[in-house]
Each structure stands twice: as C-alpha cells, then as structure tokens.
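Source file final-v4.cif; content: mmCIF, C-alpha atoms.
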data_final
#
loop_
_atom_site.group_PDB
_atom_site.id
_atom_site.type_symbol
_atom_site.label_atom_id
_atom_site.label_comp_id
_atom_site.auth_asym_id
_atom_site.auth_seq_id
_atom_site.Cartn_x
_atom_site.Cartn_y
_atom_site.Cartn_z
ATOM 1 C CA MET N 230 2.611 -16.901 -26.637
ATOM 2 C CA ASP N 231 -0.426 -15.405 -24.935
ATOM 3 C CA LEU N 232 -1.350 -16.889 -21.577
ATOM 4 C CA MET N 233 -4.761 -17.261 -19.953
ATOM 5 C CA THR N 234 -5.446 -15.065 -16.929
ATOM 6 C CA THR N 235 -8.272 -15.285 -14.425
ATOM 7 C CA THR N 236 -8.503 -11.853 -12.809
ATOM 8 C CA GLU N 237 -9.204 -8.418 -14.247
ATOM 9 C CA LEU N 238 -6.178 -7.216 -12.270
ATOM 10 C CA VAL N 239 -4.077 -9.054 -14.862
ATOM 11 C CA PRO N 240 -5.683 -8.364 -18.239
ATOM 12 C CA THR N 241 -2.858 -9.916 -20.262
ATOM 13 C CA ALA N 242 0.145 -12.167 -19.810
ATOM 14 C CA ARG N 243 2.472 -13.600 -22.420
ATOM 15 C CA LEU N 244 5.751 -15.390 -22.891
ATOM 16 C CA VAL N 245 8.475 -13.807 -25.007
ATOM 17 C CA GLY N 246 11.153 -16.464 -25.155
ATOM 18 C CA THR N 247 12.022 -17.236 -21.564
ATOM 19 C CA THR N 248 10.647 -13.927 -20.298
ATOM 20 C CA MET N 249 7.105 -13.576 -18.997
ATOM 21 C CA VAL N 250 5.355 -10.245 -19.497
ATOM 22 C CA ILE N 251 2.471 -9.606 -17.115
ATOM 23 C CA GLU N 252 0.270 -6.534 -17.426
ATOM 24 C CA VAL N 253 -1.339 -5.348 -14.189
ATOM 25 C CA GLN N 254 -4.122 -2.800 -13.909
ATOM 26 C CA GLY N 255 -6.019 -0.956 -11.192
ATOM 27 C CA GLU N 256 -5.405 0.243 -7.666
ATOM 28 C CA ILE N 257 -4.034 -2.545 -5.489
ATOM 29 C CA ASP N 258 -4.331 -2.742 -1.712
ATOM 30 C CA LEU N 259 -5.087 -5.390 0.889
ATOM 31 C CA HIS N 260 -8.563 -5.803 -0.592
ATOM 32 C CA ASN N 261 -7.359 -7.241 -3.899
ATOM 33 C CA SER N 262 -3.637 -7.976 -3.473
ATOM 34 C CA PRO N 263 -4.414 -11.620 -2.529
ATOM 35 C CA ASP N 264 -5.981 -12.035 -5.995
ATOM 36 C CA LEU N 265 -2.906 -10.522 -7.639
ATOM 37 C CA ARG N 266 -0.661 -12.816 -5.605
ATOM 38 C CA THR N 267 -2.623 -15.910 -6.604
ATOM 39 C CA GLU N 268 -2.505 -14.999 -10.299
ATOM 40 C CA ILE N 269 1.177 -14.089 -10.464
ATOM 41 C CA LEU N 270 2.347 -17.096 -8.459
ATOM 42 C CA HIS N 271 0.164 -19.391 -10.587
ATOM 43 C CA LEU N 272 1.657 -18.016 -13.806
ATOM 44 C CA LEU N 273 5.225 -18.238 -12.490
ATOM 45 C CA ASN N 274 4.851 -21.758 -11.148
ATOM 46 C CA LYS N 275 3.084 -23.047 -14.268
ATOM 47 C CA HIS N 276 5.333 -21.551 -16.932
ATOM 48 C CA LYS N 277 8.596 -21.137 -14.991
ATOM 49 C CA PRO N 278 10.011 -18.136 -16.897
ATOM 50 C CA LYS N 279 13.603 -17.092 -16.382
ATOM 51 C CA SER N 280 12.757 -13.405 -16.093
ATOM 52 C CA LEU N 281 9.608 -11.406 -15.469
ATOM 53 C CA VAL N 282 8.412 -8.053 -16.783
ATOM 54 C CA LEU N 283 5.588 -6.469 -14.814
ATOM 55 C CA ASN N 284 3.917 -3.708 -16.790
ATOM 56 C CA LEU N 285 2.488 -1.404 -14.111
ATOM 57 C CA ALA N 286 1.598 1.502 -16.407
ATOM 58 C CA LYS N 287 -2.091 1.087 -15.540
ATOM 59 C CA VAL N 288 -1.501 0.886 -11.765
ATOM 60 C CA PRO N 289 -1.964 4.345 -10.227
ATOM 61 C CA TYR N 290 -1.656 3.139 -6.640
ATOM 62 C CA MET N 291 -0.391 0.180 -4.663
ATOM 63 C CA ASP N 292 0.279 -0.413 -0.975
ATOM 64 C CA SER N 293 2.765 -2.581 0.900
ATOM 65 C CA SER N 294 0.610 -5.695 0.504
ATOM 66 C CA ALA N 295 1.083 -5.349 -3.261
ATOM 67 C CA ALA N 296 4.796 -4.678 -2.790
ATOM 68 C CA ALA N 297 4.960 -7.905 -0.800
ATOM 69 C CA VAL N 298 3.626 -9.746 -3.854
ATOM 70 C CA LEU N 299 6.476 -8.301 -5.929
ATOM 71 C CA VAL N 300 8.948 -9.419 -3.260
ATOM 72 C CA GLU N 301 7.471 -12.908 -3.345
ATOM 73 C CA ALA N 302 7.888 -12.983 -7.120
ATOM 74 C CA ILE N 303 11.521 -11.960 -6.924
ATOM 75 C CA ARG N 304 12.134 -14.736 -4.427
ATOM 76 C CA ILE N 305 11.015 -17.165 -7.137
ATOM 77 C CA ILE N 306 12.825 -15.544 -10.063
ATOM 78 C CA ARG N 307 16.157 -14.528 -8.554
ATOM 79 C CA PRO N 308 17.444 -17.977 -7.516
ATOM 80 C CA LYS N 309 17.241 -18.982 -11.200
ATOM 81 C CA GLY N 310 19.491 -16.093 -12.161
ATOM 82 C CA GLY N 311 16.591 -14.122 -13.609
ATOM 83 C CA LYS N 312 15.468 -10.543 -13.108
ATOM 84 C CA ILE N 313 12.216 -8.745 -12.481
ATOM 85 C CA TYR N 314 11.674 -5.616 -14.544
ATOM 86 C CA LEU N 315 9.069 -3.100 -13.397
ATOM 87 C CA ALA N 316 7.825 -1.048 -16.342
ATOM 88 C CA GLY N 317 5.774 2.126 -16.562
ATOM 89 C CA LEU N 318 5.788 3.087 -12.898
ATOM 90 C CA GLN N 319 3.376 5.849 -11.950
ATOM 91 C CA PRO N 320 4.540 8.364 -9.310
ATOM 92 C CA ARG N 321 2.709 6.868 -6.337
ATOM 93 C CA VAL N 322 3.926 3.371 -7.112
ATOM 94 C CA LYS N 323 7.477 4.634 -7.514
ATOM 95 C CA GLY N 324 7.125 6.476 -4.197
ATOM 96 C CA LEU N 325 6.000 3.331 -2.400
ATOM 97 C CA LEU N 326 8.949 1.341 -3.738
ATOM 98 C CA GLU N 327 11.321 4.083 -2.601
ATOM 99 C CA VAL N 328 9.915 4.362 0.911
ATOM 100 C CA ALA N 329 9.844 0.564 1.231
ATOM 101 C CA ARG N 330 13.458 0.549 0.001
ATOM 102 C CA LEU N 331 12.589 -1.802 -2.824
ATOM 103 C CA GLY N 332 13.613 0.562 -5.612
ATOM 104 C CA THR N 333 17.062 -0.958 -6.041
ATOM 105 C CA ILE N 334 15.983 -4.577 -5.779
ATOM 106 C CA PHE N 335 13.990 -4.510 -8.985
ATOM 107 C CA THR N 336 15.165 -3.283 -12.374
ATOM 108 C CA ILE N 337 13.011 -0.269 -13.155
ATOM 109 C CA VAL N 338 12.505 0.488 -16.840
ATOM 110 C CA LYS N 339 10.466 2.922 -18.868
ATOM 111 C CA ASP N 340 8.277 0.396 -20.645
ATOM 112 C CA GLU N 341 7.954 -3.203 -21.798
ATOM 113 C CA ALA N 342 10.072 -2.583 -24.902
ATOM 114 C CA GLU N 343 13.021 -1.402 -22.812
ATOM 115 C CA ALA N 344 12.736 -4.431 -20.546
ATOM 116 C CA LEU N 345 12.647 -6.852 -23.449
ATOM 117 C CA SER N 346 15.653 -5.188 -25.090
ATOM 118 C CA LYS N 347 17.897 -5.911 -22.107
ATOM 119 C CA MET Y 1194 -19.536 25.725 9.714
ATOM 120 C CA VAL Y 1195 -20.338 22.190 10.677
ATOM 121 C CA GLY Y 1196 -21.901 19.827 8.194
ATOM 122 C CA ARG Y 1197 -22.666 16.144 7.941
ATOM 123 C CA PRO Y 1198 -22.847 14.997 4.330
ATOM 124 C CA LYS Y 1199 -24.663 11.808 3.378
ATOM 125 C CA SER Y 1200 -21.389 9.883 3.328
ATOM 126 C CA GLY Y 1201 -21.155 10.106 7.129
ATOM 127 C CA LEU Y 1202 -18.210 12.469 6.852
ATOM 128 C CA THR Y 1203 -18.200 15.155 9.520
ATOM 129 C CA VAL Y 1204 -16.626 18.430 8.472
ATOM 130 C CA SER Y 1205 -15.795 21.176 10.979
ATOM 131 C CA ALA Y 1206 -14.688 24.438 9.334
ATOM 132 C CA MET Y 1207 -12.879 22.297 6.737
ATOM 133 C CA VAL Y 1208 -10.070 21.389 9.148
ATOM 134 C CA SER Y 1209 -11.071 18.011 10.496
ATOM 135 C CA PHE Y 1210 -13.184 14.988 9.847
ATOM 136 C CA GLU Y 1211 -14.104 11.773 11.546
ATOM 137 C CA LYS Y 1212 -15.601 8.577 10.255
ATOM 138 C CA THR Y 1213 -16.147 5.058 11.555
ATOM 139 C CA VAL Y 1214 -16.032 2.155 9.132
ATOM 140 C CA SER Y 1215 -15.947 -1.610 9.411
ATOM 141 C CA SER Y 1216 -12.663 -3.501 9.169
ATOM 142 C CA ASP Y 1217 -13.504 -4.794 5.697
ATOM 143 C CA PRO Y 1218 -10.476 -4.346 3.385
ATOM 144 C CA ALA Y 1219 -12.937 -3.057 0.784
ATOM 145 C CA ASN Y 1220 -13.116 0.114 2.892
ATOM 146 C CA LEU Y 1221 -9.404 0.882 2.516
ATOM 147 C CA ALA Y 1222 -9.595 2.690 -0.812
ATOM 148 C CA PRO Y 1223 -12.803 4.679 -0.146
ATOM 149 C CA VAL Y 1224 -11.548 5.948 3.226
ATOM 150 C CA ARG Y 1225 -8.128 6.784 1.795
ATOM 151 C CA LYS Y 1226 -9.717 8.746 -1.020
ATOM 152 C CA GLU Y 1227 -12.025 10.633 1.341
ATOM 153 C CA VAL Y 1228 -9.085 11.642 3.529
ATOM 154 C CA GLU Y 1229 -7.042 12.616 0.473
ATOM 155 C CA ALA Y 1230 -9.919 14.771 -0.768
ATOM 156 C CA PHE Y 1231 -10.170 16.395 2.660
ATOM 157 C CA LEU Y 1232 -6.426 17.126 2.703
ATOM 158 C CA ALA Y 1233 -6.630 18.664 -0.761
ATOM 159 C CA THR Y 1234 -9.439 20.904 0.426
ATOM 160 C CA ALA Y 1235 -7.303 21.853 3.421
ATOM 161 C CA GLY Y 1236 -4.502 22.979 1.128
ATOM 162 C CA ILE Y 1237 -1.973 20.172 1.547
ATOM 163 C CA ALA Y 1238 0.323 19.659 -1.462
ATOM 164 C CA ASP Y 1239 -0.184 16.668 -3.736
ATOM 165 C CA ALA Y 1240 2.995 14.871 -2.640
ATOM 166 C CA GLY Y 1241 2.015 15.253 1.010
ATOM 167 C CA ILE Y 1242 -1.482 13.983 0.272
ATOM 168 C CA ALA Y 1243 -0.025 10.907 -1.417
ATOM 169 C CA ASN Y 1244 2.233 10.119 1.528
ATOM 170 C CA VAL Y 1245 -0.462 10.624 4.153
ATOM 171 C CA GLY Y 1246 -2.877 8.566 2.072
ATOM 172 C CA LEU Y 1247 -0.382 5.717 1.898
ATOM 173 C CA CYS Y 1248 0.234 5.865 5.657
ATOM 174 C CA LEU Y 1249 -3.492 5.839 6.397
ATOM 175 C CA ASN Y 1250 -3.872 2.807 4.118
ATOM 176 C CA GLU Y 1251 -0.987 1.003 5.823
ATOM 177 C CA ALA Y 1252 -2.226 1.792 9.327
ATOM 178 C CA MET Y 1253 -5.767 0.616 8.552
ATOM 179 C CA ALA Y 1254 -4.436 -2.535 6.901
ATOM 180 C CA ASN Y 1255 -2.326 -3.289 9.975
ATOM 181 C CA ILE Y 1256 -5.400 -2.931 12.185
ATOM 182 C CA ILE Y 1257 -7.351 -5.326 9.954
ATOM 183 C CA ARG Y 1258 -4.554 -7.878 9.756
ATOM 184 C CA HIS Y 1259 -3.143 -7.730 13.268
ATOM 185 C CA ALA Y 1260 -5.502 -6.053 15.753
ATOM 186 C CA TYR Y 1261 -8.585 -7.742 14.298
ATOM 187 C CA ARG Y 1262 -6.829 -10.801 12.807
ATOM 188 C CA GLY Y 1263 -8.690 -10.432 9.528
ATOM 189 C CA ALA Y 1264 -12.195 -10.000 10.965
ATOM 190 C CA GLU Y 1265 -14.117 -7.730 8.613
ATOM 191 C CA ASP Y 1266 -16.947 -6.565 10.885
ATOM 192 C CA ARG Y 1267 -15.077 -4.675 13.596
ATOM 193 C CA PRO Y 1268 -15.030 -0.876 13.907
ATOM 194 C CA ILE Y 1269 -12.213 1.452 12.906
ATOM 195 C CA LYS Y 1270 -12.635 5.109 13.778
ATOM 196 C CA VAL Y 1271 -10.618 7.377 11.495
ATOM 197 C CA GLY Y 1272 -9.922 11.012 12.256
ATOM 198 C CA ALA Y 1273 -8.022 13.590 10.257
ATOM 199 C CA ALA Y 1274 -7.185 17.185 11.044
ATOM 200 C CA VAL Y 1275 -5.118 19.959 9.532
ATOM 201 C CA GLU Y 1276 -4.021 22.810 11.737
ATOM 202 C CA ASN Y 1277 -1.441 25.389 10.721
ATOM 203 C CA GLY Y 1278 -0.243 23.114 7.949
ATOM 204 C CA ARG Y 1279 0.211 20.151 10.276
ATOM 205 C CA VAL Y 1280 -1.608 16.951 9.385
ATOM 206 C CA THR Y 1281 -2.759 14.629 12.166
ATOM 207 C CA ILE Y 1282 -4.377 11.271 11.518
ATOM 208 C CA THR Y 1283 -5.895 9.177 14.320
ATOM 209 C CA LEU Y 1284 -7.057 5.590 14.120
ATOM 210 C CA ARG Y 1285 -8.909 3.954 16.985
ATOM 211 C CA ASP Y 1286 -9.540 0.230 17.079
ATOM 212 C CA TRP Y 1287 -11.074 -2.140 19.580
ATOM 213 C CA GLY Y 1288 -8.761 -5.034 18.847
ATOM 214 C CA ASN Y 1289 -6.148 -6.938 20.794
ATOM 215 C CA GLY Y 1290 -4.371 -3.791 22.004
ATOM 216 C CA ARG Y 1291 -0.947 -5.030 20.925
ATOM 217 C CA ASP Y 1292 1.564 -2.277 20.151
ATOM 218 C CA PRO Y 1293 3.013 -3.145 16.716
ATOM 219 C CA SER Y 1294 6.004 -0.887 17.303
ATOM 220 C CA THR Y 1295 7.323 -3.390 19.871
ATOM 221 C CA CYS Y 1296 7.083 -6.428 17.639
ATOM 222 C CA CYS Y 1297 7.160 -5.543 13.977
ATOM 223 C CA GLY Y 1298 9.174 -3.785 11.344
ATOM 224 C CA ASN Y 1299 12.552 -4.671 9.932
ATOM 225 C CA ASN Y 1300 15.187 -3.105 7.752
ATOM 226 C CA ASP Y 1301 15.494 -5.929 5.237
ATOM 227 C CA PRO Y 1302 13.143 -5.132 2.368
ATOM 228 C CA LEU Y 1303 13.159 -8.767 1.263
ATOM 229 C CA THR Y 1304 12.037 -10.052 4.649
ATOM 230 C CA PRO Y 1305 8.262 -10.360 4.823
ATOM 231 C CA GLY Y 1306 6.415 -8.268 7.382
ATOM 232 C CA GLY Y 1307 6.831 -4.787 8.688
ATOM 233 C CA LEU Y 1308 6.734 -3.007 5.325
ATOM 234 C CA GLY Y 1309 3.692 -0.987 6.340
ATOM 235 C CA LEU Y 1310 5.088 0.013 9.717
ATOM 236 C CA ASN Y 1311 8.347 1.054 8.086
ATOM 237 C CA CYS Y 1312 6.384 3.270 5.699
ATOM 238 C CA LEU Y 1313 4.761 5.019 8.661
ATOM 239 C CA ARG Y 1314 8.093 5.569 10.403
ATOM 240 C CA ARG Y 1315 9.767 6.958 7.302
ATOM 241 C CA LEU Y 1316 6.985 9.270 6.194
ATOM 242 C CA MET Y 1317 5.548 10.587 9.452
ATOM 243 C CA ASP Y 1318 7.111 12.825 12.124
ATOM 244 C CA GLU Y 1319 5.095 11.109 14.824
ATOM 245 C CA VAL Y 1320 3.870 7.522 15.068
ATOM 246 C CA THR Y 1321 2.402 6.974 18.526
ATOM 247 C CA PHE Y 1322 0.548 3.890 19.690
ATOM 248 C CA THR Y 1323 -1.479 4.713 22.818
ATOM 249 C CA PRO Y 1324 -2.973 1.611 24.456
ATOM 250 C CA GLN Y 1325 -6.618 1.941 25.428
ATOM 251 C CA PRO Y 1326 -8.499 -0.212 27.947
ATOM 252 C CA ASP Y 1327 -10.246 -1.911 25.037
ATOM 253 C CA GLY Y 1328 -7.921 -1.480 22.067
ATOM 254 C CA MET Y 1329 -5.453 0.983 20.609
ATOM 255 C CA LEU Y 1330 -5.237 4.598 19.490
ATOM 256 C CA LEU Y 1331 -2.684 5.332 16.772
ATOM 257 C CA THR Y 1332 -1.689 8.919 16.114
ATOM 258 C CA LEU Y 1333 0.221 9.886 12.975
ATOM 259 C CA SER Y 1334 1.314 13.411 12.306
ATOM 260 C CA CYS Y 1335 3.583 15.371 10.052
ATOM 261 C CA ASN Y 1336 4.115 18.900 8.915
ATOM 262 C CA GLY Y 1337 2.468 19.300 5.532
ATOM 263 C CA ALA Y 1338 5.745 20.328 3.925
ATOM 264 C CA ARG Y 1339 7.697 17.453 5.456
ATOM 265 C CA CYS Y 1340 4.991 14.998 4.446
ATOM 266 C CA ALA Y 1341 5.668 16.080 0.907
ATOM 267 C CA ALA Y 1342 9.440 15.936 1.168
ATOM 268 C CA SER Y 1343 10.092 12.894 3.292
ATOM 269 C CA THR Y 1344 9.995 10.100 0.718
ATOM 270 C CA ASN Y 1345 13.746 10.111 0.242
ATOM 271 C CA GLN Y 1346 14.610 10.377 3.917
ATOM 272 C CA SER Y 1347 15.587 7.422 6.070
#
Output the file's structure as structure tokens, nothing else.
Amino acid sequence: MDLMTTTELVPTARLVGTTMVIEVQGEIDLHNSPDLRTEILHLLNKHKPKSLVLNLAKVPYMDSSAAAVLVEAIRIIRPKGGKIYLAGLQPRVKGLLEVARLGTIFTIVKDEAEALSK
Amino acid sequence: MVGRPKSGLTVSAMVSFEKTVSSDPANLAPVRKEVEAFLATAGIADAGIANVGLCLNEAMANIIRHAYRGAEDRPIKVGAAVENGRVTITLRDWGNGRDPSTCCGNNDPLTPGGLGLNCLRRLMDEVTFTPQPDGMLLTLSCNGARCAASTNQS
C-alpha cells in the first residue's frame, strides 16, 4: 500500500505487510533534517509498522542531525521487537554511521529487496 | 597569487581561504562544498576531504545550535588551510563562549546529543576550543593522510 508523503526528501513510502519502506533522497543536514524527522515520525506514528526499511540509495550525504533522526526511529521500532534496515548506503553515509558508532545498531543491507527478504 | 572571486572566497596561493557567513543552516552545505573543493585543489585525498567536510559541517551546526541557540543572523567566520599536507580548519563565532568539550559528547550512540562532537574527536588530530572575549575560536586539524584513514579509529 502506497502512503502519502509531504516532503520531497521522502518521495515514496509504502507498507509491505507489517514493514514500512521509506525512500529518502537528497543531502541531509541541519537545514532539512527537521523536515525528515517530522515526516518519518508522522509515518511511524500513523501506521505503526513493526519494522522499517529506509532506502538511502539517493542520499549522498548526511550529518549527525540526520543520524539522530534514525536513532529516534529506532527508539520507536525496537521496543516492538522490530528492526530498522538501512538499504543502499553511499560511502559518505556509511562513513558517518561508522564514526558515530551507529553501524552495528541498524541492520545494513544492499537494497530494499534484501531487507524485505529477511 | 591572491584572488577574491565573486563568491567572497579568498584564495592565497591555493593554500588557504577564509569566508564569513551567517548562522543560517542553509549555509551549511554551500560552505562545506566550498571547503571540499578547496581541499581537492590543495591535493587532499577524497576520503580525507569527506571527513574534513563532515567535521566542518558538525562544527558549524554546533555553533548554530549551541553558541547562537538557533539564531540565523549571526556571523561565523570559516578558515581553511593546507600546509605540507596538514589540514587546519578554524571557526570563529561571537556566541555564548561556552566550551562544548566540557559539557557535551557521550559514548552511547543511542543517547541524544554529542554525536557531532564525537565525530570531531574521532576524525581530527586536534580539536581545540579557545575562548575569546566575545565568543569562541575552534581549531580543527589533521594530517591529510590521517584524515583519510581515521574513520575506523576510536
């Protein structure tokens, strides 16, 4: 089921069973991370998925304010026994997660298909 | 050679630049990209450029959020220099003068706050906050090779 989104940072979102798949695009820093936070938290609170797949293949750069949004999402998902899958990480995004020591907290997968097969 | 392009960027023999921008978060990406372009011109490797760019972003964001408490019309003076392969970034603000290194940063990645400061500490050789009478001067530096290799270090 396709879901309505309200920011160009999140061009698509959909539900596949109890898993929500959110596509994110663009460079994300303190300038626009509040918009990303609002959108993701709205989708999670409205549809209450068990697990979340964030497709970051179109995100060439993010800073710690964007990483904080991911941390906030995992704080919602994990208590329900769900997981957050990060798909399609570009090198700079992967580097940020490593230096912020967040690389092991999320499940990092190659793409959406791999996440949905788990 | 000294030049002053239309962008306000000051270039001295392609080893340093200086620019003052407002504390509007919309300036984060343009300034980061200008510094990254300067570092590329100065011969720094791509991985080092990425790490320095991230640290510049984090340091500017901390100034906006903490020193200026979100005000978007205050000045931030950004300097960058490369000498003998060593990258030095300076950021001067005229904010509250509080030294973030004495109050922020934590080792729990799931605890909010301090992510940016931790990035600086892990990627840079030097992170020095020098209080000024009317604000703060932050100096970041790293050897170009270490900048490129430090992502996996603690």
Y:Pro1218, Y:Gly1309, Y:Gly1272, Y:Gly1288 ranked by distance to Asp258 (chain N), top pick (using only C-alpha atoms): Y:Pro1218
Within 12 Å of Pro1223 (chain Y), counting all atoms listed in the file, which residues qualify if same-chain residues fewer than 3 places away don't, as a PyMOL selection string? (chain N and resi 256+258+260) or (chain Y and resi 1200+1202+1212+1214-1215+1217-1220+1226-1230+1246+1249-1250+1253)
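Straight-line separation from CA of Ala1273 (chain Y) to CA of Ala1243 (chain Y): 14.4 Å.
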Could you tell me how far CA of Ile269 (chain N) lies from CA of Ile1257 (chain Y), in Å and to one decimal?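 Going from CA of Ile269 (chain N) over to CA of Ile1257 (chain Y), I get 23.8 Å.
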I'd like the neighbourhood of Leu1331 (chain Y) as a PDB file with C-alpha atoms, in the frame of the given file, where a residue qualifies if any of its atoms comes within 12 Å (using only C-alpha atoms), though same-chain residues fewer than 2 positions away should be ignored.
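Done, and the output landed in selection_9.pdb:
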ATOM      1  CA  CYS Y1248       0.234   5.865   5.657  1.00  0.00           C
ATOM      2  CA  LEU Y1249      -3.492   5.839   6.397  1.00  0.00           C
ATOM      3  CA  GLU Y1251      -0.987   1.003   5.823  1.00  0.00           C
ATOM      4  CA  ALA Y1252      -2.226   1.792   9.327  1.00  0.00           C
ATOM      5  CA  MET Y1253      -5.767   0.616   8.552  1.00  0.00           C
ATOM      6  CA  ASN Y1255      -2.326  -3.289   9.975  1.00  0.00           C
ATOM      7  CA  ILE Y1256      -5.400  -2.931  12.185  1.00  0.00           C
ATOM      8  CA  ALA Y1260      -5.502  -6.053  15.753  1.00  0.00           C
ATOM      9  CA  ILE Y1269     -12.213   1.452  12.906  1.00  0.00           C
ATOM     10  CA  LYS Y1270     -12.635   5.109  13.778  1.00  0.00           C
ATOM     11  CA  VAL Y1271     -10.618   7.377  11.495  1.00  0.00           C
ATOM     12  CA  GLY Y1272      -9.922  11.012  12.256  1.00  0.00           C
ATOM     13  CA  ALA Y1273      -8.022  13.590  10.257  1.00  0.00           C
ATOM     14  CA  THR Y1281      -2.759  14.629  12.166  1.00  0.00           C
ATOM     15  CA  ILE Y1282      -4.377  11.271  11.518  1.00  0.00           C
ATOM     16  CA  THR Y1283      -5.895   9.177  14.320  1.00  0.00           C
ATOM     17  CA  LEU Y1284      -7.057   5.590  14.120  1.00  0.00           C
ATOM     18  CA  ARG Y1285      -8.909   3.954  16.985  1.00  0.00           C
ATOM     19  CA  ASP Y1286      -9.540   0.230  17.079  1.00  0.00           C
ATOM     20  CA  TRP Y1287     -11.074  -2.140  19.580  1.00  0.00           C
ATOM     21  CA  GLY Y1290      -4.371  -3.791  22.004  1.00  0.00           C
ATOM     22  CA  ARG Y1291      -0.947  -5.030  20.925  1.00  0.00           C
ATOM     23  CA  ASP Y1292       1.564  -2.277  20.151  1.00  0.00           C
ATOM     24  CA  PRO Y1293       3.013  -3.145  16.716  1.00  0.00           C
ATOM     25  CA  SER Y1294       6.004  -0.887  17.303  1.00  0.00           C
ATOM     26  CA  LEU Y1310       5.088   0.013   9.717  1.00  0.00           C
ATOM     27  CA  LEU Y1313       4.761   5.019   8.661  1.00  0.00           C
ATOM     28  CA  GLU Y1319       5.095  11.109  14.824  1.00  0.00           C
ATOM     29  CA  VAL Y1320       3.870   7.522  15.068  1.00  0.00           C
ATOM     30  CA  THR Y1321       2.402   6.974  18.526  1.00  0.00           C
ATOM     31  CA  PHE Y1322       0.548   3.890  19.690  1.00  0.00           C
ATOM     32  CA  THR Y1323      -1.479   4.713  22.818  1.00  0.00           C
ATOM     33  CA  PRO Y1324      -2.973   1.611  24.456  1.00  0.00           C
ATOM     34  CA  GLN Y1325      -6.618   1.941  25.428  1.00  0.00           C
ATOM     35  CA  GLY Y1328      -7.921  -1.480  22.067  1.00  0.00           C
ATOM     36  CA  MET Y1329      -5.453   0.983  20.609  1.00  0.00           C
ATOM     37  CA  LEU Y1333       0.221   9.886  12.975  1.00  0.00           C
ATOM     38  CA  SER Y1334       1.314  13.411  12.306  1.00  0.00           C
TER      39      SER Y1334
END
For chain N against chain Y, which residues fall within 10 Å using all atoms listed in the file, given as a ChimeraX atom specification? /N:256-261,290-294,296-301,303-304,320-321,324-332,334
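Residues matched by the PyMOL selection byres ((chain Y and resi 1235) around 12) in this file are Y:Val1204, Y:Ser1205, Y:Ala1206, Y:Met1207, Y:Val1208, Y:Ser1209, Y:Phe1210, Y:Val1228, Y:Glu1229, Y:Ala1230, Y:Phe1231, Y:Leu1232, Y:Ala1233, Y:Thr1234, Y:Gly1236, Y:Ile1237, Y:Ala1238, Y:Asp1239, Y:Gly1241, Y:Ile1242, Y:Ala1273, Y:Ala1274, Y:Val1275, Y:Glu1276, Y:Asn1277, Y:Gly1278, Y:Arg1279, Y:Val1280, Y:Gly1337.
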Those selected residues, please, written with C-alpha atoms and delivered as an mmCIF file, in the coordinates of the input.
data_model
loop_
_atom_site.group_PDB
_atom_site.id
_atom_site.type_symbol
_atom_site.label_atom_id
_atom_site.label_comp_id
_atom_site.auth_asym_id
_atom_site.auth_seq_id
_atom_site.Cartn_x
_atom_site.Cartn_y
_atom_site.Cartn_z
ATOM 1 C CA VAL Y 1204 -16.626 18.430 8.472
ATOM 2 C CA SER Y 1205 -15.795 21.176 10.979
ATOM 3 C CA ALA Y 1206 -14.688 24.438 9.334
ATOM 4 C CA MET Y 1207 -12.879 22.297 6.737
ATOM 5 C CA VAL Y 1208 -10.070 21.389 9.148
ATOM 6 C CA SER Y 1209 -11.071 18.011 10.496
ATOM 7 C CA PHE Y 1210 -13.184 14.988 9.847
ATOM 8 C CA VAL Y 1228 -9.085 11.642 3.529
ATOM 9 C CA GLU Y 1229 -7.042 12.616 0.473
ATOM 10 C CA ALA Y 1230 -9.919 14.771 -0.768
ATOM 11 C CA PHE Y 1231 -10.170 16.395 2.660
ATOM 12 C CA LEU Y 1232 -6.426 17.126 2.703
ATOM 13 C CA ALA Y 1233 -6.630 18.664 -0.761
ATOM 14 C CA THR Y 1234 -9.439 20.904 0.426
ATOM 15 C CA GLY Y 1236 -4.502 22.979 1.128
ATOM 16 C CA ILE Y 1237 -1.973 20.172 1.547
ATOM 17 C CA ALA Y 1238 0.323 19.659 -1.462
ATOM 18 C CA ASP Y 1239 -0.184 16.668 -3.736
ATOM 19 C CA GLY Y 1241 2.015 15.253 1.010
ATOM 20 C CA ILE Y 1242 -1.482 13.983 0.272
ATOM 21 C CA ALA Y 1273 -8.022 13.590 10.257
ATOM 22 C CA ALA Y 1274 -7.185 17.185 11.044
ATOM 23 C CA VAL Y 1275 -5.118 19.959 9.532
ATOM 24 C CA GLU Y 1276 -4.021 22.810 11.737
ATOM 25 C CA ASN Y 1277 -1.441 25.389 10.721
ATOM 26 C CA GLY Y 1278 -0.243 23.114 7.949
ATOM 27 C CA ARG Y 1279 0.211 20.151 10.276
ATOM 28 C CA VAL Y 1280 -1.608 16.951 9.385
ATOM 29 C CA GLY Y 1337 2.468 19.300 5.532
#
Could you check which residues have any atom within 12 Å of (16.7, -17.3, -11.5), counting only C-alpha atoms with coordinates taken straight from the file, and then list them as a PyMOL selection string? chain N and resi 247-248+273+277-281+302-313
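Here CA of Leu318 (chain N) and CA of Thr234 (chain N) stand 21.7 Å from one another.
Minimum atom-to-atom distances from Y:Cys1340, Y:Asn1289, Y:Ala1264, Y:Ser1216 to Asp1327 (chain Y) were compared using all atoms listed in the file, and the lowest value belongs to Y:Asn1289.
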Nearest-residue call for Thr1332 (chain Y), choices Y:Asp1318, Y:Tyr1261, Y:Glu1211, Y:Pro1268, using only C-alpha atoms: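 Selected residue with least distance to Thr1332 (chain Y): Y:Asp1318.
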Selection result of the PyMOL selection byres ((chain N and resi 238) around 6) on this file, as a short mmCIF file (atom, residue, chain, number, x, y, z; two decimals) with C-alpha atoms, in the frame of the given file:
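The result, stored in result-v3.cif:
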data_model
loop_
_atom_site.label_atom_id
_atom_site.label_comp_id
_atom_site.auth_asym_id
_atom_site.auth_seq_id
_atom_site.Cartn_x
_atom_site.Cartn_y
_atom_site.Cartn_z
CA THR N 236 -8.50 -11.85 -12.81
CA GLU N 237 -9.20 -8.42 -14.25
CA VAL N 239 -4.08 -9.05 -14.86
CA VAL N 253 -1.34 -5.35 -14.19
CA GLN N 254 -4.12 -2.80 -13.91
#
Apply the PyMOL selection byres ((chain N and resi 284) around 6) to the file shown and report the selected residues as a ChimeraX atom specification. /N:252,283,285-286,316
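Of the listed residues (N:Ile337, N:Val250, N:Ala295, N:Val282), N:Ala295 comes nearest to Thr267 (chain N); the distances count only C-alpha atoms.
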